[in-house]
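Data block below; observations after.
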Amino acid sequence: MKVSRRSLMQGGAAGLGLLGLGSLAACSTTAPTPAGGASAGGSAGATSMVLWTWPEGFGQEVLDAVKSQFPQYTLRQDVIGGDFKQKLTTTFTAGSGLPDITGVKGEDIAFFKTQSKYFVDLNSVGAADVKDTYLDWKWAQATDSEGKQLGIPIDIGPTALFYRFDVFEEAGLPSDPKELAAAIRTWDEYFELGKELLAARPGTYLIRNTGGMFDIMWKQGGKGFIDETGTFIGDQDHIRQAWDTAIRGLDAGIVATLQSNTADMAAAVNEGKLPADFGASWHLSDLMVDAPDTAGKWHVAEHPGEATNYGGSFLAIPEGAKDPAASFELIKFILNPQNQAHEFQDKGNFPATPEAWSMPEVAGPVEFLGGQVAADVFGHAAETVQTLFEDPNENTVNAPFYAEIDLVEASGKDPEQAWNDAVTAAKRLAQQVGLSVK
Amino acid sequence: MSVSTLRRGSETVASPPVDGFRTLSTGQRARKSLPIYGALSPYFLLFFTFGAMPMLFTMALAFTNWSGLGDIRFIGIENFRYLVTDPLFYKALGNTLILWVMGTVPTLTFATIVALMLNSTLRFSTTYRVIYLIPNVTSLVAMGILFSSLFSSQFGLANAIVNLFGFGNIAWLQNEWGIKIAISALTTWSFVGYNSLLILAGLQAIDKTQYESAALDGAGGWRTFFHITLPQLRPIVLFITLMSTIGSLQSFTEAQVLTSSLSSGAASAGGVGNSGLTMVLYFYSVAFQENRYGYGATIAWGVFVVVMFFSAINWIVTKERKERIAR
Amino acid sequence: MSMSARAVPAALAGAAIETSGRRPQRRRKLRPADVVRHVLLIVGGLISLFPFYWMFVLSTHPSAVIYQYPPVMVPGDRLDDNVGSILSKINIWGAMSNTLVVALTVTVLVLLVASLAAFAFAKFEFPGKNVLFGIVLATFLLPSQLATIPQFLLMAELGWVGDLKALIFPSLASAFGVFWLRQYATSAIPKELLEAATIDGCGFWRQYVHVCLPTIRPALAFLGMFTFIGSWNDFMWPLIVLTDPSKLTLQVALSQLKTAHGTDYGMLMASSLIAVVPLLIIFALGAKQFMAGITEGAVKG
């Protein structure tokens with residue numbers, strides 16, 4: 001049974017009509033004007049095109065390049081603050097005021113893939129021609145079950161270990177990226193390294209928090225909490241192993257227990273008390289903003305186990321855009337290898353096009369990372385990334401595990417009890433969102 | 001509904017029908033009432049269009065599993081069945097009630113003290129009032145960021161004070177009560193000034209002659225306070241309590257800005273042990289972060305029932321009071 | 001339903017912001033109790049002001065200063081840098097004027113709509129009165145966030161998405177406003193005055209204009225002030241409804257400064273300062289105005 005929101009809303013419009021006729025004559029100056037979405041309009045000559053992004057947006061360099069390349073369009077970048085997905089969802093539901101091109105965040109693509117009717121199938125405007133330019137696994141993330149292509153990758157987020165080589169050197173730990181990577185192939189080796197560091201420099205930790213460690217560990221298992229058939233698998237061995245490893249790390253006493261994205265964490269990074277952190281390539285921007293004074297003292301190396309991917313977003317065309325072919329023309333240009341290389345230089349977004357990796361903007365030394373050629377590490381990570389199946393309900397059912405591991409860390413809850421509680425809570429949720437639970 | 005009676009100076013004012021309404025014929029009544037309905041219509045048209053309809057629509061969604069996008073499918077009362085056994089909802093309810101007490105009690109206490117002091121102060125009175133209102137003017141989001149620094153474990157001012165007394169650092173925002181204290185501190189700080197102005201208004205409406213006769217009877221400062229001031233303040237205190245109750249039961253920004261999580265799932269929202277998860281924050285995470293709009297709407301029903309329940313209590317308390325006066 | 005609220009003393013709003021200037025200024029000696037009281041009030045005032053002050057201090061420093069221990073307490077010299085980087089990123093003056101337009105319009109219309117309804121509820125009997133007033137009370141039992149999505153659908157249906165109208169109309173039906181003004185009007189408007197007006201042949205509307213509005217001015221001032229502040233600081237709804245960069249409100253524009261990567265606290269605090277300073281200026285300038293008008297209303301009765 002389907003509910004017609006239209007009829008309901010027409011009632012609302014009628015009510016408003018009454019209002020206009022009624023006693024509020026004084027404010028009739030604000031009477032309704034014809035609908036005009038953001039994408040409507042367009043002055044003489046150039047067609048105006050609207051692009052929605054989040055606060056990082058595209059750099060001026062790329063926008064200028066668009067301007068000179070396409071005089072027939074004027075591209076306006078609308079920065080959407082706050083919750084981007086919520087904004088996009090409400091606008092889709094309303095069906096008006098949509099942009100010509102919109103960003104879609106990597107973490108939201110799984111949800112939007114279940115609602116692909118709101119997007120133009122990019123295959124219909126020639127996406128196949130550029131497919132080979134982009135990494136296969138990243139491209140596939142935006143392909144729905146029927147082969148519809150929702151978006152073109154903006155960037156990827158291969159993970160690596162960011163570390164302060166000066167601090168490592170001082171503590172007598174391996175400070176060269178290759179040496180370090182070789183010394184920490186397994187998590188247990190990493191925990192040992194952490195103990196050495198702590199002994200050499202009291203109050204200095206290798207891991208931000210247990211949840212963050214668990215986060216990267218379960219992603220290395222190659223499977224998430226829900227499989228392709230819609231079955232909850234979060235209680236299985238691959239998650240349990242990640243859980244146990246994370247608890248081992250916590251027990252080793254090398255976890256700083258700092259909350260992510262807080263001033264506390266940034267302070268620890270500034271003071272060198274958290275001289276290492278796992279992160280996607282864009283973590284570089286975090287460091288540049290949070291700890292500008294530590295510039296030049298960082299390196300990146302491969303972290304224990306396989307690389308994983310964090311985020312990395314897409315550009316897409318909302319269904320109903322006035323000229324999908326034109327939108328796609330712009331997207332193709334904005335996301336070409338050259339512009340992706342610019343974006344890496346600008347804000348550390350690692351290109352989703354391997355071709356860009358050898359361009360000077362990417363392959364050159366990164367000043368903040370002590371002149372290291374970061375592309376070597378991230379490029380390798382990008383090729384070896386463990387790709388995961390992502391169900392739109394992933395966050396709903398994995399949240400209890402994060403909540404419980406936080407409790408173990410913060411209040412010393414028994415890990416076994418915490419695991420059992422997490423599984424129970426997750427199964428309840430899985431059932432409620434309609435997954436099958438064994 | 002009885003006509004409310006209010007003390008204002010020594011005069012008791014009621015609100016009688018000024019036009020001998022009940023003696024009129026039906027036709028006359030209708031004609032008389034026309035302008036009244038005209039005066040009410042803007043409010044009610046606006047309310048039904050922009051308030052009631054969207055709200056009813058949300059309430060109806062509780063019977064669906066809508067994701068906020070795409071088709072809507074009815075699933076009967078399944079969501080309600082889940083809600084009544086949902087441990088997270090009860091957790092959120094408990095947190096909300098605890099935060100209500102932790103926020104309202106200090107707010108009212110400090111507000112009363114400030115109001116009493118302002119009431120007997122002539123100099124700089126305006127300046128004080130403006131200063132005490134500043135916290136209420138400043139946006140909660142900005143203040144949330146500041147309070148999270150104040151309560152940060154490494155360098156926050158809260159810990160600087162704790163250190164002064166010889167104690168070690170406390171990880172405020174990673175501990176169940178720490179989170180609640182930080183949230184209540186933010187609430188208290190924002191609302192003391194506002195409420196003290198309301199109480200001050202109540203104080204200034206108290207009939208001064210009562211104080212004079214009390215003084216003649218030889219009543220001391222405390223006795224005057226408990227026997228004259230406090231009883232007279234009762235209506236305003238009840239009003240503020242109602243406002244704070246509704247405000248607290250609906251709060252979420254404070255908790256949202258002071259807690260964070262790695263997962264965007266509702267089950268890890270509100271900080272360690274979900275200790276800052278309020279009912280509306282739960283609604284927000286479920287509906288907007290997890291795209292479970294249908295269940296979110298069901299939580300909205302829960303919020304509605306809880307708020308109704310407390311308003312009813314408030315009503316009973318007030319009614320009893322009136323009856324006691326009447327006797 | 002929430003009956004207690006009906007029992008609020010009248011004169012409430014008025015006395016709330018009444019000035020000491022109106023009272024007879026008896027010169028008296030400063031007694032020890034007065035000194036204690038002032039000391040306490042000053043301490044409380046400092047606590048009230050402190051986070052605000054700290055916001056100012058942080059906005060004058062580079063970001064990393066927030067991490068210093070002990071915390072910085074004196075202003076630095078980087079305010080212009082921080083403000084400069086905000087100005088280069090968003091159109092703050094445009095956003096400010098949009099916010100002003102919205103807040104002023106909302107305030108004026110809320111006062112109008114609410115006072116009309118409040119007058120009817122306070123002073124007249126009519127069929128359906130109790131039911132209608134019950135509806136007013138019920139409205140404010142529910143948090144507005146609950147209606148966000150359907151409200152947005154309605155805006156889309158009306159073609160108002162992205163328009164400032166979408167901010168104005170949904171906030172006009174203020175249950176608190178009706179409730180509050182009704183409370184005040186009930187006791188502040190003397191029935192003799194209305195009776196006299198009726199005998200003089202004044203109908204409802206003229207009574208509203210000539211008797212009701214002048215009498216409830218203090219309560220209007222109070223409601224107006226808080227409606228304005230609320231509208232100025234509104235965030236969640238405007239964020240969803242507005243996108244066109246030329247039509248953003250201040251809070252929405254400022255939200256564009258917060259990226260997912262790191263937090264530039266200096267800039268963030270400077271932006272909060274920018275958001276609140278105009279409000280404080282209006283507030284401080286208006287305070288005298290409010291208070292002057294208000295005492296007149298509060299004294300008689």
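In the structure tokens, each chain is lettered A, B, ... as it comes, each chain's residues begin at 1, and ligands are numbered from 1 in order of appearance.
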Alpha helix (DSSP H) residues, from DSSP on the backbone, in region 226-275 of chain C, as an MDAnalysis selection string: chainID C and resid 226:233 236:241 250:255 265:275
At most 7 Å is the cut-off: for each residue in chain B with any atom that close to an atom of chain A, write down the nearest atom pair and the distance in Å rounded to one decimal, counting only C-alpha atoms, chain first then increasing number, as JSON lines.
```
{"residue": "B:Gly38", "atom": "CA", "partner": "A:Ser23", "partner_atom": "CA", "distance": 6.5}
{"residue": "B:Pro42", "atom": "CA", "partner": "A:Leu24", "partner_atom": "CA", "distance": 6.4}
{"residue": "B:Leu45", "atom": "CA", "partner": "A:Leu19", "partner_atom": "CA", "distance": 6.1}
{"residue": "B:Thr49", "atom": "CA", "partner": "A:Gly12", "partner_atom": "CA", "distance": 5.1}
{"residue": "B:Gly68", "atom": "CA", "partner": "A:Thr89", "partner_atom": "CA", "distance": 6.8}
{"residue": "B:Leu69", "atom": "CA", "partner": "A:Thr93", "partner_atom": "CA", "distance": 5.6}
{"residue": "B:Gly70", "atom": "CA", "partner": "A:Gln115", "partner_atom": "CA", "distance": 6.6}
{"residue": "B:Asp71", "atom": "CA", "partner": "A:Lys2", "partner_atom": "CA", "distance": 6.9}
{"residue": "B:Ile72", "atom": "CA", "partner": "A:Lys2", "partner_atom": "CA", "distance": 5.6}
{"residue": "B:Arg73", "atom": "CA", "partner": "A:Met1", "partner_atom": "CA", "distance": 5.9}
{"residue": "B:Phe74", "atom": "CA", "partner": "A:Met1", "partner_atom": "CA", "distance": 6.4}
{"residue": "B:Ser149", "atom": "CA", "partner": "A:Ala263", "partner_atom": "CA", "distance": 6.5}
{"residue": "B:Ser152", "atom": "CA", "partner": "A:Asp264", "partner_atom": "CA", "distance": 6.0}
{"residue": "B:Ser153", "atom": "CA", "partner": "A:Asp264", "partner_atom": "CA", "distance": 6.6}
{"residue": "B:Gln154", "atom": "CA", "partner": "A:Asp264", "partner_atom": "CA", "distance": 6.0}
{"residue": "B:Gln174", "atom": "CA", "partner": "A:Ala410", "partner_atom": "CA", "distance": 6.3}
{"residue": "B:Asn175", "atom": "CA", "partner": "A:Ala410", "partner_atom": "CA", "distance": 6.7}
{"residue": "B:Ser263", "atom": "CA", "partner": "A:Ala399", "partner_atom": "CA", "distance": 5.6}
{"residue": "B:Ser264", "atom": "CA", "partner": "A:Asn395", "partner_atom": "CA", "distance": 6.0}
{"residue": "B:Gly265", "atom": "CA", "partner": "A:Thr396", "partner_atom": "CA", "distance": 4.5}
{"residue": "B:Ala266", "atom": "CA", "partner": "A:Thr396", "partner_atom": "CA", "distance": 6.6}
{"residue": "B:Ala267", "atom": "CA", "partner": "A:Ala399", "partner_atom": "CA", "distance": 5.1}
{"residue": "B:Ser268", "atom": "CA", "partner": "A:Ala403", "partner_atom": "CA", "distance": 4.6}
{"residue": "B:Val272", "atom": "CA", "partner": "A:Asp406", "partner_atom": "CA", "distance": 6.1}
{"residue": "B:Gly273", "atom": "CA", "partner": "A:Leu407", "partner_atom": "CA", "distance": 6.2}
{"residue": "B:Phe288", "atom": "CA", "partner": "A:Gln86", "partner_atom": "CA", "distance": 6.2}
{"residue": "B:Glu290", "atom": "CA", "partner": "A:Thr396", "partner_atom": "CA", "distance": 6.2}
```
Dump as a ChimeraX atom specification the residues of chain C that approach chain A to within 10 Å, counting only C-alpha atoms. /C:63-69,89-90,105,109,112-113,148-165,168-169,235-236,239-246,251-265
When you look at Val192 (chain B) with a cut-off of 9 Å (counting only C-alpha atoms), what residues show up, excluding the ones that are within fewer than 6 positions of it in the same chain? I need them as an NGL selection string. (:B and (106-112 or 114 or 132-133 or 135-136)) or (:C and (48))
Keeping C-alpha atoms, export the residues of the selection given above as a PDB file, in the first residue's frame.
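As written to disk, again-v1.pdb reads:
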```pdb
ATOM      1  CA  PRO B 106      20.429  23.901  39.571  1.00  0.00           C
ATOM      2  CA  THR B 107      18.848  26.208  37.010  1.00  0.00           C
ATOM      3  CA  LEU B 108      15.872  26.996  39.224  1.00  0.00           C
ATOM      4  CA  THR B 109      17.974  27.252  42.360  1.00  0.00           C
ATOM      5  CA  PHE B 110      20.482  29.655  40.889  1.00  0.00           C
ATOM      6  CA  ALA B 111      17.781  31.567  39.049  1.00  0.00           C
ATOM      7  CA  THR B 112      15.851  32.112  42.289  1.00  0.00           C
ATOM      8  CA  VAL B 114      19.892  35.665  41.308  1.00  0.00           C
ATOM      9  CA  TYR B 132      22.791  37.398  32.836  1.00  0.00           C
ATOM     10  CA  LEU B 133      20.841  37.124  29.617  1.00  0.00           C
ATOM     11  CA  PRO B 135      24.257  33.056  27.698  1.00  0.00           C
ATOM     12  CA  ASN B 136      20.710  32.663  26.440  1.00  0.00           C
TER      13      ASN B 136
ATOM     14  CA  SER C  48      27.769  34.076  32.766  1.00  0.00           C
TER      15      SER C  48
END
```
Extract the full set of strand (DSSP E) residues from region 113-305 of chain A according to DSSP on the backbone, and format it as a VMD selection string. chain A and resid 151 to 153 155 to 156 159 to 164 276 to 280 298 to 301
Contacts of Val305 (chain B) at 12 Å or less, counting only C-alpha atoms, minus same-chain residues fewer than 5 places along, as number ranges by chain? B: 93, 249, 279, 298-300, 310-312; C: 138, 141-142
Output C-alpha atoms for every residue in the selection just made, as a CSV table (one decimal), in the first residue's frame.
```
chain,number,residue,atom,x,y,z
B,93,LEU,CA,14.1,8.0,28.3
B,249,LEU,CA,12.2,16.4,27.3
B,279,MET,CA,14.9,10.8,23.3
B,298,THR,CA,7.5,5.8,16.3
B,299,ILE,CA,10.0,7.2,18.7
B,300,ALA,CA,8.3,10.6,18.1
B,310,PHE,CA,4.5,14.9,32.6
B,311,SER,CA,2.2,17.7,31.6
B,312,ALA,CA,-0.6,15.8,33.1
C,138,ALA,CA,-0.8,20.5,22.7
C,141,LEU,CA,4.4,19.5,23.6
C,142,LEU,CA,6.1,18.2,20.5
```
Given the choices C:Ile216, C:Met96, C:Leu40, C:Ile86, which gets closest to chain B if the distance is worked out from only C-alpha atoms? C:Leu40
In Å, with one decimal, what is the gap from CA of Ala201 (chain B) to CA of Arg37 (chain C)? 18.8 Å
